[in-house]
>>> print(open('upload30.pdb').read())   # PDB, C-alpha atoms and all ligand atoms
ATOM      1  CA  MET A 295      97.883  96.993 128.301
ATOM      2  CA  MET A 296      98.436  94.280 125.656
ATOM      3  CA  MET A 297      95.675  94.250 123.038
ATOM      4  CA  ARG A 298      94.624  90.890 121.633
ATOM      5  CA  LYS A 299      95.453  90.762 117.950
ATOM      6  CA  LYS A 300      92.387  91.025 115.765
ATOM      7  CA  LYS A 301      90.938  88.626 113.219
ATOM      8  CA  ILE A 302      89.236  90.671 110.542
ATOM      9  CA  VAL A 303      87.077  89.804 107.534
ATOM     10  CA  VAL A 304      87.075  92.380 104.757
ATOM     11  CA  ALA A 305      84.263  91.988 102.243
ATOM     12  CA  VAL A 306      84.147  94.075  99.085
ATOM     13  CA  THR A 307      80.866  94.532  97.214
ATOM     14  CA  GLY A 308      79.785  96.298  94.052
ATOM     15  CA  ALA A 309      79.012  99.790  95.323
ATOM     16  CA  SER A 310      81.056 102.680  94.009
ATOM     17  CA  GLY A 311      84.229 103.264  96.028
ATOM     18  CA  ALA A 312      86.648 100.410  95.311
ATOM     19  CA  ILE A 313      89.328 102.888  96.401
ATOM     20  CA  TYR A 314      88.118 102.529 100.000
ATOM     21  CA  ALA A 315      88.694  98.773  99.907
ATOM     22  CA  ASP A 316      92.114  99.201  98.301
ATOM     23  CA  LEU A 317      93.228 101.796 100.867
ATOM     24  CA  LEU A 318      91.823  99.818 103.804
ATOM     25  CA  LEU A 319      93.684  96.660 102.742
ATOM     26  CA  LYS A 320      96.904  98.693 102.377
ATOM     27  CA  LYS A 321      96.402 100.298 105.781
ATOM     28  CA  LEU A 322      95.778  96.930 107.448
ATOM     29  CA  SER A 323      99.139  95.761 106.082
ATOM     30  CA  GLN A 324     100.786  98.743 107.763
ATOM     31  CA  LEU A 325      99.076  97.892 111.054
ATOM     32  CA  LYS A 326      99.928  94.176 110.877
ATOM     33  CA  ASP A 327     101.480  94.146 114.356
ATOM     34  CA  GLN A 328      97.968  94.550 115.790
ATOM     35  CA  ILE A 329      96.358  91.943 113.536
ATOM     36  CA  ALA A 330      96.305  88.146 113.715
ATOM     37  CA  GLU A 331      94.550  87.551 110.405
ATOM     38  CA  VAL A 332      92.810  89.321 107.552
ATOM     39  CA  ALA A 333      90.519  87.299 105.269
ATOM     40  CA  VAL A 334      89.024  88.823 102.141
ATOM     41  CA  VAL A 335      85.959  87.997 100.075
ATOM     42  CA  MET A 336      84.703  89.913  97.037
ATOM     43  CA  SER A 337      81.427  89.787  95.159
ATOM     44  CA  ASP A 338      81.519  89.489  91.363
ATOM     45  CA  ASN A 339      80.200  93.038  91.078
ATOM     46  CA  ALA A 340      82.971  94.247  93.375
ATOM     47  CA  LYS A 341      85.564  92.935  90.919
ATOM     48  CA  ASP A 342      83.775  94.619  87.995
ATOM     49  CA  VAL A 343      83.505  97.963  89.803
ATOM     50  CA  TRP A 344      87.142  97.766  90.987
ATOM     51  CA  ARG A 345      88.321  97.155  87.407
ATOM     52  CA  PHE A 346      86.135  99.988  86.126
ATOM     53  CA  GLU A 347      86.985 102.568  88.804
ATOM     54  CA  LEU A 348      90.633 101.810  89.510
ATOM     55  CA  GLY A 349      91.590 100.447  86.076
ATOM     56  CA  ASN A 350      93.372  97.407  87.499
ATOM     57  CA  GLU A 351      92.894  94.041  89.190
ATOM     58  CA  ASP A 352      95.385  94.771  91.946
ATOM     59  CA  TYR A 353      93.157  93.349  94.653
ATOM     60  CA  SER A 354      95.017  90.104  94.036
ATOM     61  CA  ASN A 355      98.277  91.828  95.068
ATOM     62  CA  HIS A 356      97.126  92.302  98.639
ATOM     63  CA  PRO A 357      98.897  89.744 100.823
ATOM     64  CA  TYR A 358      95.781  88.092 102.231
ATOM     65  CA  ARG A 359      93.862  84.910 101.642
ATOM     66  CA  PHE A 360      90.932  85.540  99.314
ATOM     67  CA  TYR A 361      87.872  83.298  99.661
ATOM     68  CA  ALA A 362      85.402  82.532  96.877
ATOM     69  CA  LYS A 363      82.028  84.157  97.365
ATOM     70  CA  LYS A 364      80.235  80.788  97.617
ATOM     71  CA  ASP A 365      82.822  79.168  99.897
ATOM     72  CA  PHE A 366      80.679  78.297 102.895
ATOM     73  CA  MET A 367      83.576  76.178 104.202
ATOM     74  CA  ALA A 368      85.547  79.374 104.966
ATOM     75  CA  PRO A 369      86.366  79.631 108.683
ATOM     76  CA  PHE A 370      84.438  82.855 109.187
ATOM     77  CA  ALA A 371      81.230  81.238 107.857
ATOM     78  CA  SER A 372      81.018  79.789 111.363
ATOM     79  CA  GLY A 373      80.992  81.544 114.720
ATOM     80  CA  SER A 374      83.531  79.157 116.195
ATOM     81  CA  ALA A 375      86.353  80.681 114.116
ATOM     82  CA  LYS A 376      86.025  83.747 116.381
ATOM     83  CA  PHE A 377      86.644  86.554 113.919
ATOM     84  CA  ASP A 378      86.312  89.819 115.874
ATOM     85  CA  THR A 379      85.257  92.178 113.150
ATOM     86  CA  MET A 380      83.846  92.231 109.654
ATOM     87  CA  VAL A 381      84.064  95.293 107.420
ATOM     88  CA  ILE A 382      82.039  95.466 104.217
ATOM     89  CA  VAL A 383      83.722  98.147 102.142
ATOM     90  CA  PRO A 384      82.139  99.511 100.066
ATOM     91  CA  CYS A 385      78.757  98.011 100.932
ATOM     92  CA  SER A 386      76.094  98.033  98.218
ATOM     93  CA  MET A 387      72.433  98.561  98.990
ATOM     94  CA  GLY A 388      71.819  95.044  97.661
ATOM     95  CA  THR A 389      74.194  93.474 100.202
ATOM     96  CA  LEU A 390      72.801  95.714 102.965
ATOM     97  CA  GLY A 391      69.281  94.549 102.078
ATOM     98  CA  ARG A 392      70.237  90.877 102.063
ATOM     99  CA  ILE A 393      71.899  91.225 105.475
ATOM    100  CA  ALA A 394      68.897  93.128 106.878
ATOM    101  CA  GLY A 395      66.629  90.382 105.509
ATOM    102  CA  GLY A 396      68.744  87.543 106.917
ATOM    103  CA  ILE A 397      69.373  86.132 103.438
ATOM    104  CA  SER A 398      72.688  84.334 103.876
ATOM    105  CA  ASP A 399      73.015  83.078 100.323
ATOM    106  CA  ASP A 400      76.725  83.781  99.835
ATOM    107  CA  LEU A 401      79.837  83.981 101.997
ATOM    108  CA  ILE A 402      79.550  87.757 102.520
ATOM    109  CA  THR A 403      75.979  87.681 103.804
ATOM    110  CA  ARG A 404      76.553  84.473 105.768
ATOM    111  CA  ALA A 405      79.656  85.931 107.465
ATOM    112  CA  ALA A 406      77.751  89.125 108.329
ATOM    113  CA  ASP A 407      74.927  87.013 109.765
ATOM    114  CA  VAL A 408      77.461  85.092 111.882
ATOM    115  CA  ILE A 409      79.134  88.259 113.172
ATOM    116  CA  LEU A 410      75.749  89.646 114.246
ATOM    117  CA  LYS A 411      74.581  86.436 115.915
ATOM    118  CA  GLU A 412      77.865  86.175 117.809
ATOM    119  CA  ARG A 413      77.477  89.824 118.906
ATOM    120  CA  ARG A 414      80.740  90.841 117.286
ATOM    121  CA  LYS A 415      81.505  93.952 115.261
ATOM    122  CA  LEU A 416      79.982  94.424 111.803
ATOM    123  CA  ILE A 417      80.927  97.654 110.000
ATOM    124  CA  LEU A 418      79.099  98.503 106.776
ATOM    125  CA  VAL A 419      80.703 101.240 104.684
ATOM    126  CA  ALA A 420      77.416 101.742 102.882
ATOM    127  CA  ARG A 421      77.244 103.773  99.707
ATOM    128  CA  ASP A 422      74.532 105.081  97.524
ATOM    129  CA  THR A 423      72.888 108.422  97.019
ATOM    130  CA  PRO A 424      70.170 109.446  97.367
ATOM    131  CA  LEU A 425      68.734 106.845  99.738
ATOM    132  CA  ASN A 426      65.246 105.424  99.441
ATOM    133  CA  LEU A 427      63.120 104.390 102.399
ATOM    134  CA  ILE A 428      64.043 100.724 101.902
ATOM    135  CA  HIS A 429      67.756 101.582 102.277
ATOM    136  CA  ILE A 430      67.058 103.653 105.381
ATOM    137  CA  ARG A 431      64.898 100.927 106.946
ATOM    138  CA  ASN A 432      67.556  98.324 106.165
ATOM    139  CA  MET A 433      70.176 100.521 107.842
ATOM    140  CA  ALA A 434      67.932 100.827 110.902
ATOM    141  CA  THR A 435      67.414  97.033 110.983
ATOM    142  CA  VAL A 436      71.149  96.305 110.824
ATOM    143  CA  THR A 437      71.819  98.967 113.465
ATOM    144  CA  GLU A 438      69.186  97.442 115.771
ATOM    145  CA  ALA A 439      70.843  94.055 115.277
ATOM    146  CA  GLY A 440      74.147  95.544 116.503
ATOM    147  CA  GLY A 441      75.808  96.496 113.210
ATOM    148  CA  ILE A 442      77.481  99.838 112.537
ATOM    149  CA  ILE A 443      76.551 101.827 109.456
ATOM    150  CA  CYS A 444      79.618 103.905 108.557
ATOM    151  CA  PRO A 445      78.584 105.613 105.327
ATOM    152  CA  ALA A 446      81.243 106.242 102.710
ATOM    153  CA  ILE A 447      81.055 109.980 103.333
ATOM    154  CA  PRO A 448      84.450 111.704 103.355
ATOM    155  CA  SER A 449      85.256 114.746 105.490
ATOM    156  CA  TYR A 450      87.053 117.905 104.432
ATOM    157  CA  TYR A 451      88.309 119.491 107.647
ATOM    158  CA  SER A 452      91.713 117.828 107.365
ATOM    159  CA  LYS A 453      92.022 119.647 104.016
ATOM    160  CA  PRO A 454      92.729 116.597 101.833
ATOM    161  CA  GLN A 455      94.655 117.450  98.655
ATOM    162  CA  THR A 456      94.242 114.252  96.659
ATOM    163  CA  ILE A 457      91.501 111.683  96.049
ATOM    164  CA  GLU A 458      93.513 109.209  98.147
ATOM    165  CA  GLU A 459      93.703 111.658 101.067
ATOM    166  CA  LEU A 460      89.979 112.302 100.784
ATOM    167  CA  ALA A 461      89.180 108.580 100.710
ATOM    168  CA  MET A 462      91.499 108.040 103.683
ATOM    169  CA  THR A 463      89.186 110.208 105.805
ATOM    170  CA  VAL A 464      86.645 107.371 105.483
ATOM    171  CA  VAL A 465      89.208 104.585 105.881
ATOM    172  CA  ASN A 466      90.648 106.159 109.047
ATOM    173  CA  ARG A 467      87.163 106.183 110.605
ATOM    174  CA  VAL A 468      86.884 102.484 109.789
ATOM    175  CA  ILE A 469      90.289 101.794 111.372
ATOM    176  CA  ASP A 470      89.110 103.619 114.521
ATOM    177  CA  LEU A 471      85.866 101.600 114.576
ATOM    178  CA  ILE A 472      87.767  98.320 114.232
ATOM    179  CA  GLY A 473      89.686  99.428 117.315
ATOM    180  CA  LEU A 474      93.163  99.615 115.830
ATOM    181  CA  GLU A 475      95.719 102.167 116.987
ATOM    182  CA  ASN A 476      96.410 104.528 114.112
ATOM    183  CA  GLU A 477      98.146 107.841 113.638
ATOM    184  CA  SER A 478      95.714 109.965 111.659
ATOM    185  CA  TYR A 479      94.255 113.430 111.603
ATOM    186  CA  GLU A 480      92.140 114.124 114.640
ATOM    187  CA  TRP A 481      89.777 117.060 114.966
ATOM    188  CA  LYS A 482      90.821 119.016 118.057
ATOM    189  CA  GLY A 483      88.205 121.783 117.838
ATOM    190  CA  MET A 484      88.824 125.435 117.072
TER     191      MET A 484
HETATM  192  C1  LIG B 501      80.067 101.327  88.285
HETATM  193  C2  LIG B 501      79.001 100.859  89.232
HETATM  194  C3  LIG B 501      78.767 101.577  90.377
HETATM  195  C4  LIG B 501      77.798 101.161  91.292
HETATM  196  N1  LIG B 501      77.607 101.889  92.429
HETATM  197  C5  LIG B 501      76.728 101.467  93.332
HETATM  198  C6  LIG B 501      76.588 102.169  94.571
HETATM  199  O1  LIG B 501      77.259 103.163  94.848
HETATM  200  N2  LIG B 501      75.734 101.657  95.486
HETATM  201  C7  LIG B 501      74.998 100.525  95.262
HETATM  202  O2  LIG B 501      74.247 100.117  96.151
HETATM  203  N3  LIG B 501      75.099  99.855  94.087
HETATM  204  C8  LIG B 501      75.945 100.284  93.140
HETATM  205  N4  LIG B 501      76.068  99.600  91.953
HETATM  206  C9  LIG B 501      75.180  98.461  91.696
HETATM  207  C10 LIG B 501      75.645  97.173  92.349
HETATM  208  O3  LIG B 501      76.901  96.759  91.814
HETATM  209  C11 LIG B 501      74.576  96.075  92.115
HETATM  210  O4  LIG B 501      73.372  96.416  92.796
HETATM  211  C12 LIG B 501      75.011  94.699  92.522
HETATM  212  O5  LIG B 501      73.912  93.787  92.393
HETATM  213  C13 LIG B 501      75.518  94.629  93.955
HETATM  214  O6  LIG B 501      75.862  93.287  94.207
HETATM  215  P1  LIG B 501      76.805  92.909  95.398
HETATM  216  O7  LIG B 501      76.243  93.557  96.606
HETATM  217  O8  LIG B 501      76.700  91.399  95.465
HETATM  218  O9  LIG B 501      78.169  93.345  95.044
HETATM  219  C14 LIG B 501      77.033  99.998  91.026
HETATM  220  C15 LIG B 501      77.270  99.276  89.864
HETATM  221  C16 LIG B 501      78.235  99.709  88.966
HETATM  222  C17 LIG B 501      78.476  98.913  87.716
END
>>> encode(input="upload30.pdb", output="structure tokens", more="lines below")
Ligand SMILES: Cc1cc2nc3c(=O)[nH]c(=O)nc-3n(C[C@H](O)[C@H](O)[C@H](O)COP(=O)(O)O)c2cc1C
Amino acid sequence: MMMRKKKIVVAVTGASGAIYADLLLKKLSQLKDQIAEVAVVMSDNAKDVWRFELGNEDYSNHPYRFYAKKDFMAPFASGSAKFDTMVIVPCSMGTLGRIAGGISDDLITRAADVILKERRKLILVARDTPLNLIHIRNMATVTEAGGIICPAIPSYYSKPQTIEELAMTVVNRVIDLIGLENESYEWKGM
């Protein structure tokens, strides 16, 4: 069966784990046959954390259109642009809280609000530890509104040997949730 090609928004915020965003953007390039469009938006903190954790500004090398965080004219700020999926990777507790509170004061939170109101797929690769009750309640609120909390929690049963392989265990779950065909490790049981 022919799958309709997906239109995906990738938002990057200032939680730890810029590597997840970098690897997801690389993986989406490899899966481009299944994708109509990828649009990217980063918060200011995301750029700071990326520079700090990865030691570069290579986000600009990814072959996608980047939108300014206050650009409410971006297509995906409106439901009529029909983006299928939005991934926020990594997703800070601040951005999670603003989405849970309906505070659409920048392009990331507005786009998330749109995805939820249009009943499309919102995937939050949330990261912080430990969690306080406000974080947990915000996760419940977003889940009740139809969003998917996919915490940035790697798995070890594929026996990853490098940080990239470990981070890919999270990214591959995101790829599965988006609904893209992907060859990756699959737990078959013992
Ligand atoms: C190096 C670094 C790591 C951070 N890690 C996290 C984190 O894992 N989770 C989180 O919620 N905030 C984290 N923060 C704090 C956020 O960047 C901060 O709350 C910011 O306001 C989030 O804004 P944004 O959601 O618009 O990117 C971190 C900040 C720095 C500088």
>>> residues_around(input="upload30.pdb", residues="segment 389-397 of chain A", least_positions_apart="6", cutoff="6 Å", atoms="all atoms listed in the file", output="list in words")
Thr403, Asn432, Thr435 and Val436 of chain A
>>> write_last_selection(input="upload30.pdb", atoms="C-alpha atoms", output="mmCIF file, keeping the file's coordinate frame")
data_model
loop_
_atom_site.group_PDB
_atom_site.id
_atom_site.type_symbol
_atom_site.label_atom_id
_atom_site.label_comp_id
_atom_site.auth_asym_id
_atom_site.auth_seq_id
_atom_site.Cartn_x
_atom_site.Cartn_y
_atom_site.Cartn_z
ATOM 1 C CA THR A 403 75.979 87.681 103.804
ATOM 2 C CA ASN A 432 67.556 98.324 106.165
ATOM 3 C CA THR A 435 67.414 97.033 110.983
ATOM 4 C CA VAL A 436 71.149 96.305 110.824
#
>>> closest_residue(input="upload30.pdb", among="A:Asp400, A:Glu331, A:Asp378, A:Asp316", to="ligand LIG 501 (chain B)", atoms="only C-alpha atoms and all ligand atoms")
A:Asp400
>>> residues_around(input="upload30.pdb", residues="Pro445 of chain A", least_positions_apart="4", cutoff="8 Å", atoms="only C-alpha atoms", output="list in words")
Leu418, Val419, Ala420 and Arg421 of chain A
>>> residues_near_ligand(input="upload30.pdb", ligand="ligand LIG 501 (chain B)", cutoff="7 Å", atoms="all atoms listed in the file", output="list in words")
Thr307, Gly308, Ala309, Ser310, Ser337, Asp338, Asn339, Ala340, Asp342, Val343, Phe346, Cys385, Ser386, Met387, Gly388, Thr389, Arg421 and Asp422 of chain A
>>> atom_distance(input="upload30.pdb", atom1="atom CA of Leu322 of chain A", atom2="atom CA of Lys301 of chain A")
11.2 Å
>>> resolve_selection(input="upload30.pdb", expression="the PyMOL selection byres (((chain A and resi 368) around 12) and not hetatm)", output="list in words")
Val303, Ala333, Val334, Val335, Arg359, Phe360, Tyr361, Ala362, Lys363, Lys364, Asp365, Phe366, Met367, Pro369, Phe370, Ala371, Ser372, Gly373, Ser374, Ala375, Phe377, Asp400, Leu401, Ile402, Arg404 and Ala405 of chain A
>>> write_last_selection(input="upload30.pdb", atoms="C-alpha atoms", output="mmCIF file, in the coordinates of the input")
data_model
loop_
_atom_site.group_PDB
_atom_site.id
_atom_site.type_symbol
_atom_site.label_atom_id
_atom_site.label_comp_id
_atom_site.auth_asym_id
_atom_site.auth_seq_id
_atom_site.Cartn_x
_atom_site.Cartn_y
_atom_site.Cartn_z
ATOM 1 C CA VAL A 303 87.077 89.804 107.534
ATOM 2 C CA ALA A 333 90.519 87.299 105.269
ATOM 3 C CA VAL A 334 89.024 88.823 102.141
ATOM 4 C CA VAL A 335 85.959 87.997 100.075
ATOM 5 C CA ARG A 359 93.862 84.910 101.642
ATOM 6 C CA PHE A 360 90.932 85.540 99.314
ATOM 7 C CA TYR A 361 87.872 83.298 99.661
ATOM 8 C CA ALA A 362 85.402 82.532 96.877
ATOM 9 C CA LYS A 363 82.028 84.157 97.365
ATOM 10 C CA LYS A 364 80.235 80.788 97.617
ATOM 11 C CA ASP A 365 82.822 79.168 99.897
ATOM 12 C CA PHE A 366 80.679 78.297 102.895
ATOM 13 C CA MET A 367 83.576 76.178 104.202
ATOM 14 C CA PRO A 369 86.366 79.631 108.683
ATOM 15 C CA PHE A 370 84.438 82.855 109.187
ATOM 16 C CA ALA A 371 81.230 81.238 107.857
ATOM 17 C CA SER A 372 81.018 79.789 111.363
ATOM 18 C CA GLY A 373 80.992 81.544 114.720
ATOM 19 C CA SER A 374 83.531 79.157 116.195
ATOM 20 C CA ALA A 375 86.353 80.681 114.116
ATOM 21 C CA PHE A 377 86.644 86.554 113.919
ATOM 22 C CA ASP A 400 76.725 83.781 99.835
ATOM 23 C CA LEU A 401 79.837 83.981 101.997
ATOM 24 C CA ILE A 402 79.550 87.757 102.520
ATOM 25 C CA ARG A 404 76.553 84.473 105.768
ATOM 26 C CA ALA A 405 79.656 85.931 107.465
#
>>> resolve_selection(input="upload30.pdb", expression="the PyMOL selection byres (((chain A and resi 464) around 10) and not hetatm)", output="PyMOL selection string")
chain A and resi 314+317-318+419+444-449+459-463+465-469
>>> atom_distance(input="upload30.pdb", atom1="atom CA of Lys341 of chain A", atom2="atom CA of Gly441 of chain A")
24.6 Å
>>> resolve_selection(input="upload30.pdb", expression="the PyMOL selection byres (((chain A and resi 299) around 10) and not hetatm)", output="count of residues only")
14
>>> closest_atom_pairs(input="upload30.pdb", of="segment 312-387 of chain A", to="segment 476-482 of chain A", cutoff="10 Å", atoms="all atoms listed in the file", output="tab-separated table")
residue	atom	partner	partner_atom	distance
A:Lys321	CA	A:Asn476	CA	9.3
A:Gln324	CA	A:Asn476	CA	9.6
A:Leu325	CA	A:Asn476	CA	7.8
>>> residues_near_point(input="upload30.pdb", point="(91.9, 96.0, 96.9)", cutoff="10 Å", atoms="all atoms listed in the file", output="list in words")
Val304, Val306, Ala312, Ile313, Tyr314, Ala315, Asp316, Leu317, Leu318, Leu319, Lys320, Val334, Met336, Ala340, Lys341, Trp344, Leu348, Asn350, Glu351, Asp352, Tyr353, Ser354, Asn355, His356 and Val383 of chain A
>>> atom_distance(input="upload30.pdb", atom1="atom CA of Ala305 of chain A", atom2="atom CA of Thr423 of chain A")
20.7 Å
>>> closest_residue(input="upload30.pdb", among="A:Ile428, A:Ile382, A:Lys376, A:Lys415", to="Gly473 of chain A", atoms="all atoms listed in the file")
A:Lys415
>>> decode(input="upload30.pdb", residues="segment 420-437 of chain A", atoms="N, CA and C atoms", output="PDB file, in the first residue's frame")
ATOM      1  N   ALA A 420      10.536  14.397  26.020  1.00  0.00           N
ATOM      2  CA  ALA A 420      10.714  15.203  27.233  1.00  0.00           C
ATOM      3  C   ALA A 420      11.940  14.743  28.008  1.00  0.00           C
ATOM      4  N   ARG A 421      12.649  15.724  28.583  1.00  0.00           N
ATOM      5  CA  ARG A 421      13.815  15.351  29.377  1.00  0.00           C
ATOM      6  C   ARG A 421      14.027  16.256  30.580  1.00  0.00           C
ATOM      7  N   ASP A 422      14.005  15.629  31.702  1.00  0.00           N
ATOM      8  CA  ASP A 422      14.564  16.177  32.926  1.00  0.00           C
ATOM      9  C   ASP A 422      14.563  15.046  33.937  1.00  0.00           C
ATOM     10  N   THR A 423      15.344  15.189  34.977  1.00  0.00           N
ATOM     11  CA  THR A 423      15.309  14.194  36.030  1.00  0.00           C
ATOM     12  C   THR A 423      15.864  14.794  37.304  1.00  0.00           C
ATOM     13  N   PRO A 424      15.277  14.565  38.475  1.00  0.00           N
ATOM     14  CA  PRO A 424      13.995  13.871  38.623  1.00  0.00           C
ATOM     15  C   PRO A 424      12.854  14.795  38.186  1.00  0.00           C
ATOM     16  N   LEU A 425      11.646  14.244  38.176  1.00  0.00           N
ATOM     17  CA  LEU A 425      10.472  15.023  37.778  1.00  0.00           C
ATOM     18  C   LEU A 425       9.750  15.526  39.019  1.00  0.00           C
ATOM     19  N   ASN A 426       9.248  16.757  38.954  1.00  0.00           N
ATOM     20  CA  ASN A 426       8.371  17.201  40.041  1.00  0.00           C
ATOM     21  C   ASN A 426       6.915  16.992  39.641  1.00  0.00           C
ATOM     22  N   LEU A 427       6.018  17.243  40.584  1.00  0.00           N
ATOM     23  CA  LEU A 427       4.602  16.954  40.317  1.00  0.00           C
ATOM     24  C   LEU A 427       4.048  17.826  39.184  1.00  0.00           C
ATOM     25  N   ILE A 428       4.590  19.034  39.061  1.00  0.00           N
ATOM     26  CA  ILE A 428       4.140  19.924  37.972  1.00  0.00           C
ATOM     27  C   ILE A 428       4.489  19.300  36.618  1.00  0.00           C
ATOM     28  N   HIS A 429       5.709  18.770  36.491  1.00  0.00           N
ATOM     29  CA  HIS A 429       6.094  18.097  35.233  1.00  0.00           C
ATOM     30  C   HIS A 429       5.150  16.928  34.938  1.00  0.00           C
ATOM     31  N   ILE A 430       4.904  16.136  35.968  1.00  0.00           N
ATOM     32  CA  ILE A 430       4.081  14.926  35.783  1.00  0.00           C
ATOM     33  C   ILE A 430       2.654  15.316  35.400  1.00  0.00           C
ATOM     34  N   ARG A 431       2.128  16.340  36.070  1.00  0.00           N
ATOM     35  CA  ARG A 431       0.759  16.799  35.731  1.00  0.00           C
ATOM     36  C   ARG A 431       0.720  17.362  34.312  1.00  0.00           C
ATOM     37  N   ASN A 432       1.771  18.089  33.931  1.00  0.00           N
ATOM     38  CA  ASN A 432       1.804  18.637  32.572  1.00  0.00           C
ATOM     39  C   ASN A 432       1.866  17.512  31.539  1.00  0.00           C
ATOM     40  N   MET A 433       2.610  16.460  31.860  1.00  0.00           N
ATOM     41  CA  MET A 433       2.668  15.305  30.942  1.00  0.00           C
ATOM     42  C   MET A 433       1.294  14.658  30.822  1.00  0.00           C
ATOM     43  N   ALA A 434       0.595  14.550  31.954  1.00  0.00           N
ATOM     44  CA  ALA A 434      -0.756  13.960  31.923  1.00  0.00           C
ATOM     45  C   ALA A 434      -1.688  14.839  31.081  1.00  0.00           C
ATOM     46  N   THR A 435      -1.594  16.159  31.257  1.00  0.00           N
ATOM     47  CA  THR A 435      -2.462  17.081  30.503  1.00  0.00           C
ATOM     48  C   THR A 435      -2.239  16.930  28.999  1.00  0.00           C
ATOM     49  N   VAL A 436      -0.965  16.914  28.601  1.00  0.00           N
ATOM     50  CA  VAL A 436      -0.658  16.808  27.160  1.00  0.00           C
ATOM     51  C   VAL A 436      -1.104  15.436  26.635  1.00  0.00           C
ATOM     52  N   THR A 437      -0.939  14.403  27.448  1.00  0.00           N
ATOM     53  CA  THR A 437      -1.387  13.072  27.028  1.00  0.00           C
ATOM     54  C   THR A 437      -2.906  13.045  26.864  1.00  0.00           C
TER      55      THR A 437
END
